[in-house]
Each structure stands twice: as C-alpha cells, then as structure tokens.
>>> print(open('input.cif').read())   # mmCIF, C-alpha atoms
data_run
#
loop_
_atom_site.label_atom_id
_atom_site.label_comp_id
_atom_site.auth_asym_id
_atom_site.auth_seq_id
_atom_site.Cartn_x
_atom_site.Cartn_y
_atom_site.Cartn_z
CA MET A 1 0.00 0.00 0.00
CA ARG A 2 1.32 3.43 -0.97
CA LEU A 3 0.99 6.74 0.87
CA LYS A 4 0.22 10.20 -0.49
CA ILE A 5 0.52 13.21 1.79
CA CYS A 6 -1.34 16.16 0.31
CA GLY A 7 -1.56 19.89 1.01
CA MET A 8 2.19 20.29 1.33
CA ASN A 9 3.50 23.76 1.97
CA LYS A 10 5.35 24.75 5.15
CA ASN A 11 7.52 21.77 6.16
CA THR A 12 7.91 19.79 2.96
CA THR A 13 11.52 18.77 3.63
CA GLN A 14 10.63 17.22 7.00
CA VAL A 15 7.68 15.32 5.54
CA ALA A 16 9.79 14.10 2.62
CA GLY A 17 12.14 12.62 5.22
CA LEU A 18 9.39 10.11 6.03
CA HIS A 19 9.63 8.79 2.45
CA PRO A 20 5.98 8.80 1.37
CA ASP A 21 5.31 7.66 -2.19
CA TYR A 22 3.61 10.89 -3.23
CA LEU A 23 3.52 14.50 -2.06
CA GLY A 24 0.62 16.69 -3.18
CA PHE A 25 0.90 20.44 -3.81
CA ILE A 26 -2.25 22.52 -4.22
CA PHE A 27 -2.43 25.11 -7.00
CA TRP A 28 -5.96 26.33 -6.32
CA GLU A 29 -5.76 29.86 -4.93
CA PRO A 30 -8.78 29.77 -2.56
CA SER A 31 -7.17 26.88 -0.65
CA LYS A 32 -5.52 27.60 2.69
CA ARG A 33 -2.77 25.26 1.50
CA TYR A 34 -2.18 27.04 -1.81
CA LEU A 35 1.47 26.82 -2.80
CA GLU A 36 3.01 30.20 -3.62
CA ASN A 37 6.65 29.34 -3.03
CA ASP A 38 9.11 26.96 -4.62
CA ILE A 39 9.18 23.27 -3.75
CA PRO A 40 12.42 22.32 -1.95
CA ALA A 41 14.56 19.51 -3.29
CA ILE A 42 13.07 16.14 -2.36
CA PRO A 43 14.19 12.55 -3.15
CA HIS A 44 13.46 11.42 -6.71
CA SER A 45 11.65 8.38 -5.30
CA ILE A 46 8.84 10.69 -4.10
CA LYS A 47 6.47 11.65 -6.90
CA LYS A 48 5.23 15.24 -6.93
CA VAL A 49 1.50 15.66 -7.57
CA GLY A 50 -0.05 18.97 -8.61
CA VAL A 51 -3.64 19.49 -7.44
CA PHE A 52 -5.84 21.68 -9.68
CA VAL A 53 -9.49 22.74 -9.66
CA ASN A 54 -10.99 23.70 -13.02
CA ALA A 55 -7.67 25.15 -14.19
CA TYR A 56 -6.78 26.00 -17.78
CA ILE A 57 -4.52 23.57 -19.60
CA ASP A 58 -1.84 26.24 -20.11
CA GLU A 59 -1.78 26.89 -16.36
CA ILE A 60 -1.38 23.19 -15.59
CA LYS A 61 1.32 22.86 -18.23
CA ALA A 62 3.26 25.79 -16.75
CA ARG A 63 3.14 24.30 -13.24
CA VAL A 64 4.23 20.88 -14.49
CA GLU A 65 7.27 22.43 -16.15
CA GLN A 66 8.06 24.80 -13.27
CA PHE A 67 7.92 22.21 -10.49
CA GLY A 68 8.70 18.96 -12.28
CA LEU A 69 5.31 17.44 -11.47
CA LEU A 70 4.84 13.80 -12.42
CA LEU A 71 1.11 13.58 -11.73
CA VAL A 72 -1.79 15.98 -12.09
CA GLN A 73 -4.81 15.63 -9.77
CA LEU A 74 -7.99 17.14 -11.17
CA HIS A 75 -10.37 18.11 -8.38
CA GLY A 76 -13.00 20.05 -10.31
CA LYS A 77 -15.54 19.43 -13.04
CA GLU A 78 -12.97 18.48 -15.69
CA SER A 79 -14.59 16.56 -18.54
CA PRO A 80 -13.24 13.43 -20.26
CA THR A 81 -12.48 15.63 -23.28
CA PHE A 82 -10.42 17.96 -21.09
CA CYS A 83 -8.48 15.01 -19.66
CA ASN A 84 -7.84 13.68 -23.15
CA ILE A 85 -6.48 17.03 -24.37
CA LEU A 86 -4.35 17.37 -21.24
CA LYS A 87 -2.89 13.91 -21.81
CA LYS A 88 -1.94 14.83 -25.37
CA GLU A 89 -0.50 18.22 -24.36
CA ILE A 90 1.58 16.81 -21.48
CA PRO A 91 2.13 13.12 -22.37
CA GLN A 92 4.73 12.55 -19.63
CA ILE A 93 2.28 13.08 -16.76
CA LYS A 94 -0.18 10.72 -15.10
CA ILE A 95 -3.70 11.98 -14.50
CA ILE A 96 -5.67 11.41 -11.29
CA LYS A 97 -9.36 12.31 -11.64
CA VAL A 98 -11.19 13.00 -8.39
CA PHE A 99 -14.77 11.98 -7.64
CA SER A 100 -16.57 13.00 -4.45
CA ILE A 101 -18.76 10.56 -2.52
CA LYS A 102 -21.06 10.86 0.48
CA ASP A 103 -23.44 7.96 1.06
CA ASP A 104 -23.68 6.57 -2.45
CA PHE A 105 -22.19 7.06 -5.91
CA ASP A 106 -23.17 6.41 -9.52
CA PHE A 107 -20.13 4.52 -10.80
CA SER A 108 -21.41 4.70 -14.38
CA VAL A 109 -19.85 8.17 -14.64
CA LEU A 110 -16.41 6.56 -14.59
CA GLY A 111 -16.92 4.91 -17.97
CA ALA A 112 -16.12 8.02 -20.00
CA TYR A 113 -12.87 8.53 -18.06
CA GLU A 114 -11.49 5.00 -18.35
CA ASN A 115 -9.25 5.73 -21.34
CA VAL A 116 -8.17 9.27 -20.44
CA CYS A 117 -7.08 8.94 -16.79
CA ASP A 118 -4.47 6.81 -15.07
CA TYR A 119 -5.98 6.80 -11.58
CA TYR A 120 -9.17 7.77 -9.80
CA LEU A 121 -9.31 9.38 -6.38
CA PHE A 122 -12.39 9.02 -4.19
CA ASP A 123 -12.86 11.82 -1.69
CA THR A 124 -15.61 13.01 0.65
CA LYS A 125 -18.26 15.29 -0.81
CA GLY A 126 -18.23 18.55 1.14
CA LYS A 127 -18.21 22.34 0.90
CA LEU A 128 -14.66 22.42 -0.45
CA PRO A 129 -13.02 20.35 -3.22
CA GLY A 130 -10.95 18.36 -0.71
CA GLY A 131 -9.65 18.95 2.79
CA ASN A 132 -13.07 18.73 4.44
CA GLY A 133 -11.76 16.51 7.24
CA TYR A 134 -14.31 13.70 7.33
CA THR A 135 -14.71 10.32 5.68
CA PHE A 136 -17.33 9.01 3.29
CA ASN A 137 -19.01 5.60 3.44
CA TRP A 138 -16.20 3.34 2.19
CA SER A 139 -18.57 0.38 1.79
CA VAL A 140 -19.79 2.11 -1.39
CA LEU A 141 -16.57 0.90 -3.01
CA LYS A 142 -17.83 -2.70 -2.86
CA ASP A 143 -19.59 -1.82 -6.12
CA TYR A 144 -16.46 -0.42 -7.79
CA PRO A 145 -16.75 -1.69 -11.39
CA SER A 146 -13.30 -0.82 -12.72
CA THR A 147 -9.83 -2.35 -12.54
CA LYS A 148 -8.21 1.09 -12.58
CA PRO A 149 -6.15 1.76 -9.42
CA TYR A 150 -7.56 4.43 -7.12
CA PHE A 151 -6.51 6.64 -4.22
CA LEU A 152 -8.66 6.59 -1.06
CA SER A 153 -9.00 10.04 0.47
CA GLY A 154 -11.23 12.10 2.74
CA GLY A 155 -10.74 12.61 6.46
CA ILE A 156 -8.32 9.75 7.03
CA GLY A 157 -6.65 10.12 10.43
CA LEU A 158 -5.10 8.22 13.32
CA GLU A 159 -8.48 7.86 15.01
CA ASN A 160 -9.82 5.60 12.26
CA SER A 161 -6.71 3.44 11.82
CA ASP A 162 -8.65 0.28 12.74
CA GLU A 163 -11.34 1.08 10.17
CA ILE A 164 -8.69 1.61 7.51
CA LEU A 165 -6.99 -1.69 8.28
CA SER A 166 -10.38 -3.40 8.15
CA PHE A 167 -11.14 -1.78 4.80
CA LEU A 168 -7.76 -2.83 3.41
CA ARG A 169 -8.51 -6.45 4.32
CA GLY A 170 -11.75 -6.37 2.34
CA LYS A 171 -12.41 -7.10 -1.33
CA GLU A 172 -13.38 -3.47 -1.97
CA SER A 173 -9.74 -2.46 -1.49
CA LYS A 174 -8.47 -4.75 -4.27
CA TYR A 175 -7.70 -1.81 -6.56
CA CYS A 176 -6.82 0.69 -3.82
CA HIS A 177 -3.45 2.01 -4.96
CA ALA A 178 -2.74 4.49 -2.15
CA LEU A 179 -4.08 6.23 0.93
CA ASP A 180 -4.25 10.01 0.65
CA ILE A 181 -3.95 11.97 3.90
CA ASN A 182 -4.03 15.67 4.63
CA SER A 183 -5.98 17.77 7.12
CA LYS A 184 -6.08 15.27 10.01
CA PHE A 185 -2.28 15.45 10.23
CA GLU A 186 -1.87 19.21 10.44
CA ILE A 187 -0.84 21.66 13.12
CA GLU A 188 -2.24 24.37 10.84
CA PRO A 189 -3.10 24.36 7.11
CA GLY A 190 0.01 23.31 5.18
CA LEU A 191 2.06 22.53 8.31
CA LYS A 192 2.12 18.79 8.95
CA ASN A 193 2.48 17.07 12.31
CA ILE A 194 5.52 14.85 11.82
CA ASP A 195 4.90 12.73 14.93
CA LYS A 196 1.35 11.91 13.83
CA LEU A 197 2.53 11.03 10.33
CA LYS A 198 5.19 8.69 11.75
CA GLU A 199 2.62 7.01 13.97
CA PHE A 200 0.24 6.54 11.06
CA LYS A 201 2.96 4.98 8.96
CA ASN A 202 3.80 2.57 11.77
CA ILE A 203 0.23 1.60 12.57
CA VAL A 204 -1.34 1.42 9.14
CA MET A 205 1.18 1.35 6.34
CA GLU A 206 3.74 -1.02 7.84
CA LYS A 207 1.13 -3.39 9.29
CA GLN A 208 -0.69 -3.56 5.97
CA ASN A 209 2.48 -4.16 3.96
CA HIS A 210 3.63 -6.80 6.46
CA GLN A 211 0.28 -8.57 6.15
CA LYS A 212 0.54 -8.59 2.36
CA GLU A 213 4.04 -10.08 2.52
CA LYS A 214 2.77 -12.72 4.95
CA ASN A 215 -0.10 -13.63 2.63
CA ASN A 216 2.24 -13.93 -0.34
#
>>> encode(input="input.cif", output="structure tokens")
Amino acid sequence: MRLKICGMNKNTTQVAGLHPDYLGFIFWEPSKRYLENDIPAIPHSIKKVGVFVNAYIDEIKARVEQFGLLLVQLHGKESPTFCNILKKEIPQIKIIKVFSIKDDFDFSVLGAYENVCDYYLFDTKGKLPGGNGYTFNWSVLKDYPSTKPYFLSGGIGLENSDEILSFLRGKESKYCHALDINSKFEIEPGLKNIDKLKEFKNIVMEKQNHQKEKNN
C-alpha cells in the first residue's frame, strides 16, 4: 500500500524525510494550503502531484514544467475531453481524476474517463473540493466496477486506523493504490504534524504491507 501526503506547503523537507510515495501540492488559490513558493529539493523516489481545480490547460502545463510534477490531480468538473487534451498536451504526466462521494455514488460516470485517466481518487463530498476533514461511506466501493487503481481520500486520520486496516482487508480495497492523507495530520493548514505522520505509517502502512508479505 502506498501513501500520499497532500496539502504540502510549510515543512515539505521534514515530511519528505518520512519517504511517502507521493507528495501533493495545491495550485488552487482559494485553498488555505495554496502553494506560492518553490518546492524544496526532495528525493526522486517521491512523486510530486499537482492538485488543480478547473484550471486552464496552459496553467497546468506551466506548473508541471516549473515544479517537475509527475502527476496531475484534477479536483473540479474536468470533462473526459479535457483530460484527453491534457494527456496529449503533457504526455509525460499521469492523471488522477477525483470523484466525491457521500453515502452513495453512480459509478457509471467513470466509464467516460477510463481511457483518459491513469488513476481515480475518491474523496468526501463537502463544501470544499478536498480537505473537508471527514470520511465518506467506504462500503460504497464494494460496487467499484473498474480495474483502474484508485486513491482513497477524505478525512483519514489516526483515530480511524482500525477502520482503515479493516477496509484494506476487504475485497473493496483490491484496486486501492494508495491512501491520501491531509488535514487530520496538520498543526495548521500546510504545516504537517511529523509525529502523527510517523505514527500513522507505523500503525497502518507497515502493518498492511507486512500482512501482504505474509499472505504472499
């Protein structure tokens, strides 16, 4: 199981020292975690993800080139056509398309995105496009019809570690590529709590990976 830490801003170097698989940087100005500064040097093994909300393709392209982004996370109402154009304009990037869920979800909407995105991300439907701080009903993913890998996001914190481990043991997690964490591990927006992140890695990530090795 992989780990993505999103909303990076104020202590990126420290967080990178924990060696997550992905770090997410938000390029949506209304966000409290909006990145205005440069990204410090981080290990090449950590993939940089740019988070955008209804941005223009030229803006995304500029950020990809400026910061060396390897993935683009689309958190708005981007259409399959938009994703297809983006893929052609920036062929070196991977596209993560976000879908928000509360109690249920119409998975038929994924069909049009199957050939234009590399990953899906399922987040909690709330007032903001991400960072709302609470989980959705993960049992909805029992009906996931695709084989495309997805990121699980939305209010994941230390307090629901047992629920996460239980989810990861279930069939609905078969195509879960990574856990995406953010607001529940912050001292303030953009400033991550390193101790909490370490504890989460120990409790959830290492236990899950150990269990997978044991099963294999």
>>> residues_around(input="input.cif", residues="stretch 54-61 of chain A", least_positions_apart="5", cutoff="7 Å", atoms="all atoms listed in the file", output="MDAnalysis selection string")
chainID A and resid 76:78 86 90
>>> resolve_selection(input="input.cif", expression="the PyMOL selection byres ((chain A and resi 21) around 9)", output="ChimeraX atom specification")
/A:2-5,19-20,22-23,45-48,178
>>> resolve_selection(input="input.cif", expression="the PyMOL selection byres ((chain A and resi 118) around 9)", output="list in words")
Lys94, Ile95, Ile96, Lys97, Glu114, Asn115, Val116, Cys117, Tyr119, Tyr120, Lys148, Pro149 and Tyr150 of chain A
>>> write_last_selection(input="input.cif", atoms="C-alpha atoms", output="mmCIF file, keeping the file's coordinate frame")
data_model
loop_
_atom_site.group_PDB
_atom_site.id
_atom_site.type_symbol
_atom_site.label_atom_id
_atom_site.label_comp_id
_atom_site.auth_asym_id
_atom_site.auth_seq_id
_atom_site.Cartn_x
_atom_site.Cartn_y
_atom_site.Cartn_z
ATOM 1 C CA LYS A 94 -0.180 10.720 -15.100
ATOM 2 C CA ILE A 95 -3.700 11.980 -14.500
ATOM 3 C CA ILE A 96 -5.670 11.410 -11.290
ATOM 4 C CA LYS A 97 -9.360 12.310 -11.640
ATOM 5 C CA GLU A 114 -11.490 5.000 -18.350
ATOM 6 C CA ASN A 115 -9.250 5.730 -21.340
ATOM 7 C CA VAL A 116 -8.170 9.270 -20.440
ATOM 8 C CA CYS A 117 -7.080 8.940 -16.790
ATOM 9 C CA TYR A 119 -5.980 6.800 -11.580
ATOM 10 C CA TYR A 120 -9.170 7.770 -9.800
ATOM 11 C CA LYS A 148 -8.210 1.090 -12.580
ATOM 12 C CA PRO A 149 -6.150 1.760 -9.420
ATOM 13 C CA TYR A 150 -7.560 4.430 -7.120
#
>>> closest_residue(input="input.cif", among="A:Ser146, A:Ser139, A:Thr124, A:Thr81", to="A:Glu163", atoms="only C-alpha atoms")
A:Ser139
>>> closest_residue(input="input.cif", among="A:Asn9, A:Thr135, A:Ser166, A:Gln14", to="A:Phe27", atoms="all atoms listed in the file")
A:Asn9
>>> atom_distance(input="input.cif", atom1="atom CA of A:His75", atom2="atom CA of A:Glu206")
28.8 Å
>>> closest_residue(input="input.cif", among="A:Val64, A:Ile187, A:Leu70, A:Val53", to="A:Val98", atoms="only C-alpha atoms")
A:Val53
>>> residues_around(input="input.cif", residues="A:Ala41", least_positions_apart="4", cutoff="10 Å", atoms="all atoms listed in the file", output="MDAnalysis selection string")
chainID A and resid 12:13 16
>>> residues_around(input="input.cif", residues="A:Met8", least_positions_apart="6", cutoff="7 Å", atoms="all atoms listed in the file", output="list in words")
Leu23, Gly24, Phe25 and Gly190 of chain A
>>> atom_distance(input="input.cif", atom1="atom CA of A:Ile26", atom2="atom CA of A:Gln73")
9.2 Å
>>> resolve_selection(input="input.cif", expression="the PyMOL selection byres ((chain A and resi 136) around 8)", output="short mmCIF file (atom, residue, chain, number, x, y, z; two decimals) with C-alpha atoms, keeping the file's coordinate frame")
data_model
loop_
_atom_site.label_atom_id
_atom_site.label_comp_id
_atom_site.auth_asym_id
_atom_site.auth_seq_id
_atom_site.Cartn_x
_atom_site.Cartn_y
_atom_site.Cartn_z
CA ILE A 101 -18.76 10.56 -2.52
CA LYS A 102 -21.06 10.86 0.48
CA ASP A 103 -23.44 7.96 1.06
CA ASP A 123 -12.86 11.82 -1.69
CA THR A 124 -15.61 13.01 0.65
CA LYS A 125 -18.26 15.29 -0.81
CA TYR A 134 -14.31 13.70 7.33
CA THR A 135 -14.71 10.32 5.68
CA ASN A 137 -19.01 5.60 3.44
CA TRP A 138 -16.20 3.34 2.19
CA GLY A 154 -11.23 12.10 2.74
#
>>> closest_residue(input="input.cif", among="A:Lys207, A:Lys87, A:Arg63, A:Lys196", to="A:Trp28", atoms="all atoms listed in the file")
A:Arg63
>>> atom_distance(input="input.cif", atom1="atom CA of A:Phe82", atom2="atom CA of A:Phe52")
12.8 Å
>>> closest_residue(input="input.cif", among="A:Ser79, A:Asn193, A:Ser161, A:Ser153", to="A:Lys10", atoms="all atoms listed in the file")
A:Asn193
